[in-house]
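Shown here: start34.txt, compact mmCIF, C-alpha atoms.
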# COMPACT_ATOMS: atom_id res chain seq x y z
CA MET D 32 -47.93 269.88 5.93
CA SER D 33 -45.69 267.16 4.49
CA GLY D 34 -45.18 263.63 5.71
CA TYR D 35 -41.60 264.52 6.57
CA VAL D 36 -42.71 266.42 9.67
CA GLU D 37 -43.66 263.09 11.26
CA LEU D 38 -39.94 262.26 11.40
CA LEU D 39 -39.01 265.36 13.41
CA PRO D 40 -39.45 263.68 16.83
CA VAL D 41 -36.96 260.97 15.80
CA ALA D 42 -34.53 263.63 14.57
CA PHE D 43 -34.95 265.62 17.80
CA GLU D 44 -34.10 262.54 19.87
CA ALA D 45 -31.06 261.74 17.77
CA VAL D 46 -29.66 265.27 17.78
CA GLY D 47 -30.40 265.63 21.48
CA ARG D 48 -28.30 262.58 22.20
CA GLY D 49 -25.43 264.00 20.17
CA ALA D 50 -25.65 267.39 21.88
CA GLU D 51 -25.69 265.78 25.31
CA ALA D 52 -22.53 263.88 24.43
CA MET D 53 -20.80 267.08 23.30
CA ARG D 54 -21.71 268.83 26.54
CA GLY D 55 -20.79 265.92 28.80
CA ARG D 56 -17.77 264.24 27.25
CA SER D 57 -14.30 265.32 26.26
CA PRO D 58 -13.21 265.27 22.60
CA GLY D 59 -10.93 262.31 23.33
CA SER D 60 -8.01 261.49 21.09
CA LEU D 61 -7.53 263.41 17.85
CA THR D 62 -6.80 261.84 14.47
CA VAL D 63 -5.36 263.70 11.49
CA LYS D 64 -7.56 263.17 8.41
CA GLY D 65 -5.35 265.21 6.09
CA ASP D 66 -3.48 268.47 5.80
CA ARG D 67 -4.70 270.66 8.72
CA ASP D 68 -7.84 268.52 9.06
CA LEU D 69 -8.64 266.54 12.18
CA VAL D 70 -11.37 264.41 13.70
CA SER D 71 -11.97 263.72 17.38
CA GLU D 72 -12.74 260.41 19.02
CA LEU D 73 -16.10 261.88 20.03
CA ASP D 74 -16.99 262.53 16.36
CA PHE D 75 -16.78 258.79 15.75
CA THR D 76 -18.61 257.91 18.97
CA ILE D 77 -21.57 260.19 18.26
CA GLU D 78 -21.83 259.05 14.67
CA ARG D 79 -21.85 255.37 15.65
CA GLU D 80 -24.40 255.89 18.41
CA LEU D 81 -26.77 257.90 16.21
CA ARG D 82 -26.37 255.53 13.27
CA ALA D 83 -27.47 252.66 15.53
CA PHE D 84 -30.35 254.68 17.02
CA LEU D 85 -31.70 255.77 13.64
CA ARG D 86 -31.31 252.29 12.12
CA HIS D 87 -33.52 250.96 14.93
CA ALA D 88 -36.03 253.86 14.85
CA THR D 89 -36.31 254.16 11.04
CA PRO D 90 -34.99 250.95 9.47
CA ALA D 91 -36.24 251.83 5.97
CA ILE D 92 -34.19 255.05 5.84
CA GLY D 93 -30.52 254.95 4.90
CA PHE D 94 -27.73 256.79 6.68
CA LEU D 95 -24.73 258.84 5.59
CA GLY D 96 -22.22 260.01 8.18
CA GLU D 97 -19.25 262.27 7.61
CA GLU D 98 -16.78 259.93 9.27
CA GLU D 99 -17.84 256.40 8.30
CA GLY D 100 -19.88 256.74 5.14
CA SER D 101 -23.15 255.35 3.87
CA THR D 102 -25.38 252.40 4.76
CA GLY D 103 -28.86 251.41 3.65
CA SER D 104 -31.06 253.22 1.14
CA ALA D 105 -29.52 256.05 -0.85
CA GLU D 106 -32.91 257.34 -2.06
CA LEU D 107 -34.10 258.44 1.39
CA GLN D 108 -31.20 259.02 3.75
CA TRP D 109 -30.38 260.57 7.09
CA VAL D 110 -27.25 262.72 6.72
CA LEU D 111 -25.21 263.47 9.86
CA ASP D 112 -22.32 265.69 10.80
CA PRO D 113 -21.74 264.50 14.37
CA ILE D 114 -19.74 267.60 15.28
CA ASP D 115 -19.82 270.39 12.74
CA GLY D 116 -16.95 272.67 13.71
CA THR D 117 -14.66 270.07 15.28
CA ALA D 118 -11.72 272.48 15.28
CA ASN D 119 -13.81 274.91 17.34
CA PHE D 120 -15.09 272.18 19.66
CA VAL D 121 -11.68 270.79 20.60
CA ARG D 122 -10.50 274.34 21.47
CA GLY D 123 -13.54 275.09 23.63
CA ILE D 124 -15.01 277.56 21.12
CA PRO D 125 -18.81 277.24 21.41
CA LEU D 126 -19.49 277.73 17.68
CA CYS D 127 -20.16 274.08 16.84
CA ALA D 128 -23.20 271.93 16.15
CA VAL D 129 -24.81 268.55 15.74
CA SER D 130 -26.36 268.60 12.26
CA LEU D 131 -28.86 265.98 11.05
CA GLY D 132 -30.64 266.28 7.72
CA LEU D 133 -32.95 264.07 5.70
CA VAL D 134 -32.29 263.90 1.96
CA HIS D 135 -34.82 262.51 -0.51
CA ARG D 136 -33.48 261.95 -4.01
CA ASP D 137 -30.68 264.51 -3.49
CA ASP D 138 -33.10 267.12 -2.07
CA ALA D 139 -32.85 268.26 1.56
CA VAL D 140 -36.35 267.90 3.03
CA LEU D 141 -35.81 268.01 6.81
CA GLY D 142 -33.18 269.35 9.14
CA VAL D 143 -32.38 269.65 12.82
CA ILE D 144 -29.33 271.57 14.05
CA GLU D 145 -28.46 271.91 17.71
CA LEU D 146 -25.83 274.30 19.05
CA PRO D 147 -25.10 272.52 22.35
CA PHE D 148 -23.25 275.37 24.04
CA LEU D 149 -25.61 278.14 22.91
CA GLY D 150 -28.91 276.52 23.92
CA SER D 151 -30.35 276.64 20.40
CA ARG D 152 -32.18 273.97 18.42
CA TYR D 153 -33.23 274.80 14.86
CA ALA D 154 -35.63 272.59 12.94
CA ALA D 155 -37.62 272.39 9.74
CA ALA D 156 -39.51 269.92 7.58
CA ARG D 157 -40.61 270.54 4.00
CA GLY D 158 -43.82 272.57 4.01
CA ASP D 159 -43.91 273.00 7.80
CA GLY D 160 -41.77 276.14 8.29
CA ALA D 161 -38.65 276.63 10.37
CA SER D 162 -38.29 277.04 14.11
CA LEU D 163 -35.83 277.88 16.88
CA ASN D 164 -36.58 276.18 20.19
CA GLY D 165 -40.15 275.68 18.99
CA GLN D 166 -40.75 279.27 17.88
CA SER D 167 -41.23 280.17 14.21
CA ILE D 168 -38.32 281.96 12.53
CA LYS D 169 -37.89 283.83 9.27
CA ALA D 170 -34.84 284.75 7.23
CA SER D 171 -33.64 288.32 6.76
CA THR D 172 -35.31 290.67 4.30
CA VAL D 173 -32.23 292.89 3.84
CA GLU D 174 -32.07 294.17 0.27
CA ASP D 175 -28.73 296.00 0.09
CA LEU D 176 -25.38 294.27 0.51
CA SER D 177 -24.04 297.34 2.32
CA GLU D 178 -26.46 296.51 5.15
CA ALA D 179 -25.71 292.78 5.19
CA ILE D 180 -23.64 290.59 7.47
CA VAL D 181 -22.25 287.80 5.30
CA ALA D 182 -20.72 284.56 6.57
CA ILE D 183 -18.21 282.79 4.37
CA GLY D 184 -17.11 279.18 4.79
CA ASP D 185 -13.67 278.10 5.94
CA TYR D 186 -10.74 278.42 3.60
CA ALA D 187 -9.74 275.15 2.00
CA VAL D 188 -7.15 272.78 3.44
CA GLY D 189 -5.72 269.61 1.98
CA PRO D 190 -4.97 268.85 -1.69
CA ASP D 191 -5.16 271.83 -4.05
CA ALA D 192 -5.92 274.17 -1.13
CA SER D 193 -3.85 276.99 -2.65
CA ALA D 194 -5.76 276.86 -5.94
CA LYS D 195 -9.14 276.57 -4.20
CA ASN D 196 -8.36 279.46 -1.90
CA ARG D 197 -7.69 281.86 -4.75
CA LEU D 198 -11.43 282.05 -5.36
CA ARG D 199 -12.20 282.23 -1.63
CA LEU D 200 -9.72 285.05 -1.13
CA ALA D 201 -10.91 286.93 -4.20
CA LEU D 202 -14.53 286.64 -3.04
CA THR D 203 -13.61 287.73 0.49
CA ALA D 204 -11.88 290.80 -0.92
CA ARG D 205 -14.97 291.76 -2.93
CA LEU D 206 -17.28 291.18 0.02
CA ALA D 207 -15.04 293.32 2.22
CA GLU D 208 -15.60 296.21 -0.19
CA LYS D 209 -19.39 295.79 -0.37
CA ALA D 210 -20.87 294.09 2.70
CA GLN D 211 -21.46 295.67 6.09
CA ARG D 212 -19.38 292.90 7.70
CA VAL D 213 -17.85 289.54 6.73
CA ARG D 214 -17.74 286.68 9.24
CA MET D 215 -16.15 283.22 9.35
CA THR D 216 -17.56 281.12 12.18
CA GLY D 217 -16.05 277.74 11.32
CA SER D 218 -19.40 275.90 11.17
CA ALA D 219 -21.49 275.73 8.01
CA ALA D 220 -24.47 274.36 9.96
CA LEU D 221 -24.35 277.32 12.35
CA ASP D 222 -24.07 279.76 9.42
CA LEU D 223 -27.21 278.36 7.78
CA ALA D 224 -29.10 278.25 11.07
CA TRP D 225 -28.24 281.87 11.80
CA LEU D 226 -29.29 282.78 8.27
CA ALA D 227 -32.66 281.12 8.89
CA GLU D 228 -33.05 283.08 12.11
CA GLY D 229 -32.11 286.39 10.50
CA ARG D 230 -28.96 286.89 12.59
CA ILE D 231 -26.94 287.04 9.39
CA ASP D 232 -28.06 287.86 5.88
CA ALA D 233 -26.05 285.43 3.75
CA ALA D 234 -24.02 282.24 4.17
CA LEU D 235 -21.62 281.37 1.35
CA THR D 236 -19.89 278.00 1.23
CA LEU D 237 -17.78 277.31 -1.84
CA SER D 238 -18.20 273.56 -1.53
CA ASN D 239 -21.10 271.18 -0.95
CA HIS D 240 -20.62 268.18 1.33
CA ALA D 241 -24.01 266.69 2.18
CA TRP D 242 -23.23 266.34 5.90
CA ASP D 243 -22.29 270.02 6.12
CA MET D 244 -25.30 271.33 4.19
CA ALA D 245 -28.36 269.09 4.25
CA ALA D 246 -29.89 270.13 7.56
CA GLY D 247 -29.05 273.80 7.20
CA VAL D 248 -30.33 274.02 3.63
CA ALA D 249 -33.68 272.52 4.66
CA ILE D 250 -34.00 274.95 7.58
CA ALA D 251 -32.89 278.04 5.64
CA ARG D 252 -35.31 277.34 2.80
CA GLU D 253 -38.25 276.82 5.13
CA ALA D 254 -37.37 280.15 6.77
CA GLY D 255 -37.64 281.87 3.38
CA ALA D 256 -33.99 282.16 2.35
CA SER D 257 -32.79 281.63 -1.20
CA VAL D 258 -30.43 278.65 -1.52
CA VAL D 259 -28.83 278.10 -4.93
CA ASP D 260 -25.76 276.72 -6.66
CA ARG D 261 -23.04 278.98 -8.08
CA ASP D 262 -24.94 279.30 -11.39
CA GLY D 263 -28.21 280.29 -9.72
CA THR D 264 -29.93 276.92 -10.17
CA SER D 265 -31.75 275.39 -7.23
CA HIS D 266 -29.42 273.80 -4.70
CA ASP D 267 -29.31 270.04 -4.16
CA ALA D 268 -26.82 267.40 -3.07
CA LEU D 269 -25.12 267.52 -6.49
CA SER D 270 -24.52 271.29 -6.49
CA ALA D 271 -20.95 272.58 -6.59
CA MET D 272 -21.47 275.34 -3.99
CA THR D 273 -24.02 276.60 -1.48
CA ILE D 274 -25.04 280.23 -1.93
CA ALA D 275 -27.69 280.98 0.70
CA ALA D 276 -29.02 284.45 1.38
CA ALA D 277 -31.92 286.79 1.94
CA PRO D 278 -33.78 286.53 -1.39
CA ALA D 279 -33.07 290.12 -2.45
CA LEU D 280 -29.31 289.58 -2.07
CA SER D 281 -28.98 286.39 -4.10
CA ASP D 282 -28.39 287.92 -7.55
CA THR D 283 -25.90 290.45 -6.18
CA LEU D 284 -23.89 287.71 -4.47
CA LEU D 285 -23.90 285.51 -7.56
CA THR D 286 -22.58 288.44 -9.59
CA LEU D 287 -19.80 289.06 -7.07
CA LEU D 288 -18.92 285.37 -7.12
CA ALA D 289 -18.74 285.35 -10.92
CA LYS D 290 -16.48 288.42 -10.91
CA ALA D 291 -14.25 286.90 -8.25
CA ASP D 292 -14.05 283.69 -10.27
CA SER D 293 -12.99 285.52 -13.42
CA GLN D 294 -10.41 287.70 -11.68
CA GLN D 295 -8.92 285.44 -9.02
CA ALA D 296 -5.94 286.97 -7.30
CA SER D 297 -2.85 284.98 -6.46
CA PRO D 298 -1.88 284.63 -2.78
CA GLY D 299 1.04 287.00 -3.38
CA GLU D 300 -1.25 289.63 -4.86
CA ILE D 301 -3.62 289.34 -1.89
CA ALA D 302 -0.74 289.74 0.55
CA SER D 303 0.64 292.79 -1.27
CA GLY D 304 -2.76 294.39 -1.77
CA SER D 305 -2.15 294.66 -5.54
CA TYR D 306 -5.18 292.66 -6.69

So, in terms of structure tokens, how does the structure I just supplied come out?
Amino acid sequence: MSGYVELLPVAFEAVGRGAEAMRGRSPGSLTVKGDRDLVSELDFTIERELRAFLRHATPAIGFLGEEEGSTGSAELQWVLDPIDGTANFVRGIPLCAVSLGLVHRDDAVLGVIELPFLGSRYAAARGDGASLNGQSIKASTVEDLSEAIVAIGDYAVGPDASAKNRLRLALTARLAEKAQRVRMTGSAALDLAWLAEGRIDAALTLSNHAWDMAAGVAIAREAGASVVDRDGTSHDALSAMTIAAAPALSDTLLTLLAKADSQQASPGEIASGSY
């Protein structure tokens, strides 16, 4: 058992406060962050409230929030996405989460994810295993992609979205030919939590923002999933992508990703089916 597990009660309290706010308050006003990207007033409110709570409870630990950045130590840092899946949340779609991770020297070592509208709290600390509502969970042991349900992260928006989406579309096309099913939930935290539980067999996110990934990576790893970068090296905060899967599927998915990367189809080719 690691010393990180001693911080779980603090993380539970913080995430519980965020989840309660999501269940009890409206999104409030919406602000456009960029092309097809928005943030709700409640995102800011939760982040500010949890930043203050964690600063008081653990003053030696820094904090990084998606909306308002970093304060305190960067070596050991709480990392928060106050509402992961804001677009879902503001539309009343229950696939959204409060996601709080702890990162030590770029390595995710603790995570708590709560899905406020699904009654699920996932948690893990390095060396202590992963749990759902207090019960131990394990990742899938599926070995063949044809039997796997694979979640893929949202398509890109904002600057260079068209170029970024060529790889996403090419990978989706290859997965559609090989996997049992492909899913896009709109919440990276939920994808990684469901991977840890064994509901899905892989969660592929072709980006790596710490607030999206830290908690889920910690939980998925403790549940026995493989979590690597696009080149197969161990995943950390500096990785380019997050390729998380049942261990037996990891090499197959990395091969598919490499093939998709080398043969990216243009949007016109995807639309015409000529790729």

Please provide as an MDAnalysis selection string all residues within 6 Å of region 158-162 of chain D, with the sequence filter that same-chain residues fewer than 4 positions apart are discarded (counting all atoms listed in the file).
-> chainID D and resid 32:33 153:154 166:168 250 253:254

Nearby residues (all atoms listed in the file) at most 10 Å from Pro278 (chain D), same-chain spacing under 6 positions excluded, as a ChimeraX atom specification | /D:170-174,232-233,255-258

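Of the listed residues D:Ser177, D:Thr102, D:Ala155, D:Leu287, the one whose atoms come nearest to Glu37 (chain D) is D:Ala155, with distances taken using only C-alpha atoms.
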
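One distance worth recording is that between CA of Leu285 (chain D) and CA of Arg230 (chain D), which is 20.8 Å.
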
From the set D:Val46, D:Ala245, D:Ala234, D:Leu200, which residue has the shortest atom-to-atom contact distance to Gly184 (chain D), counting all atoms listed in the file?
-> D:Ala234
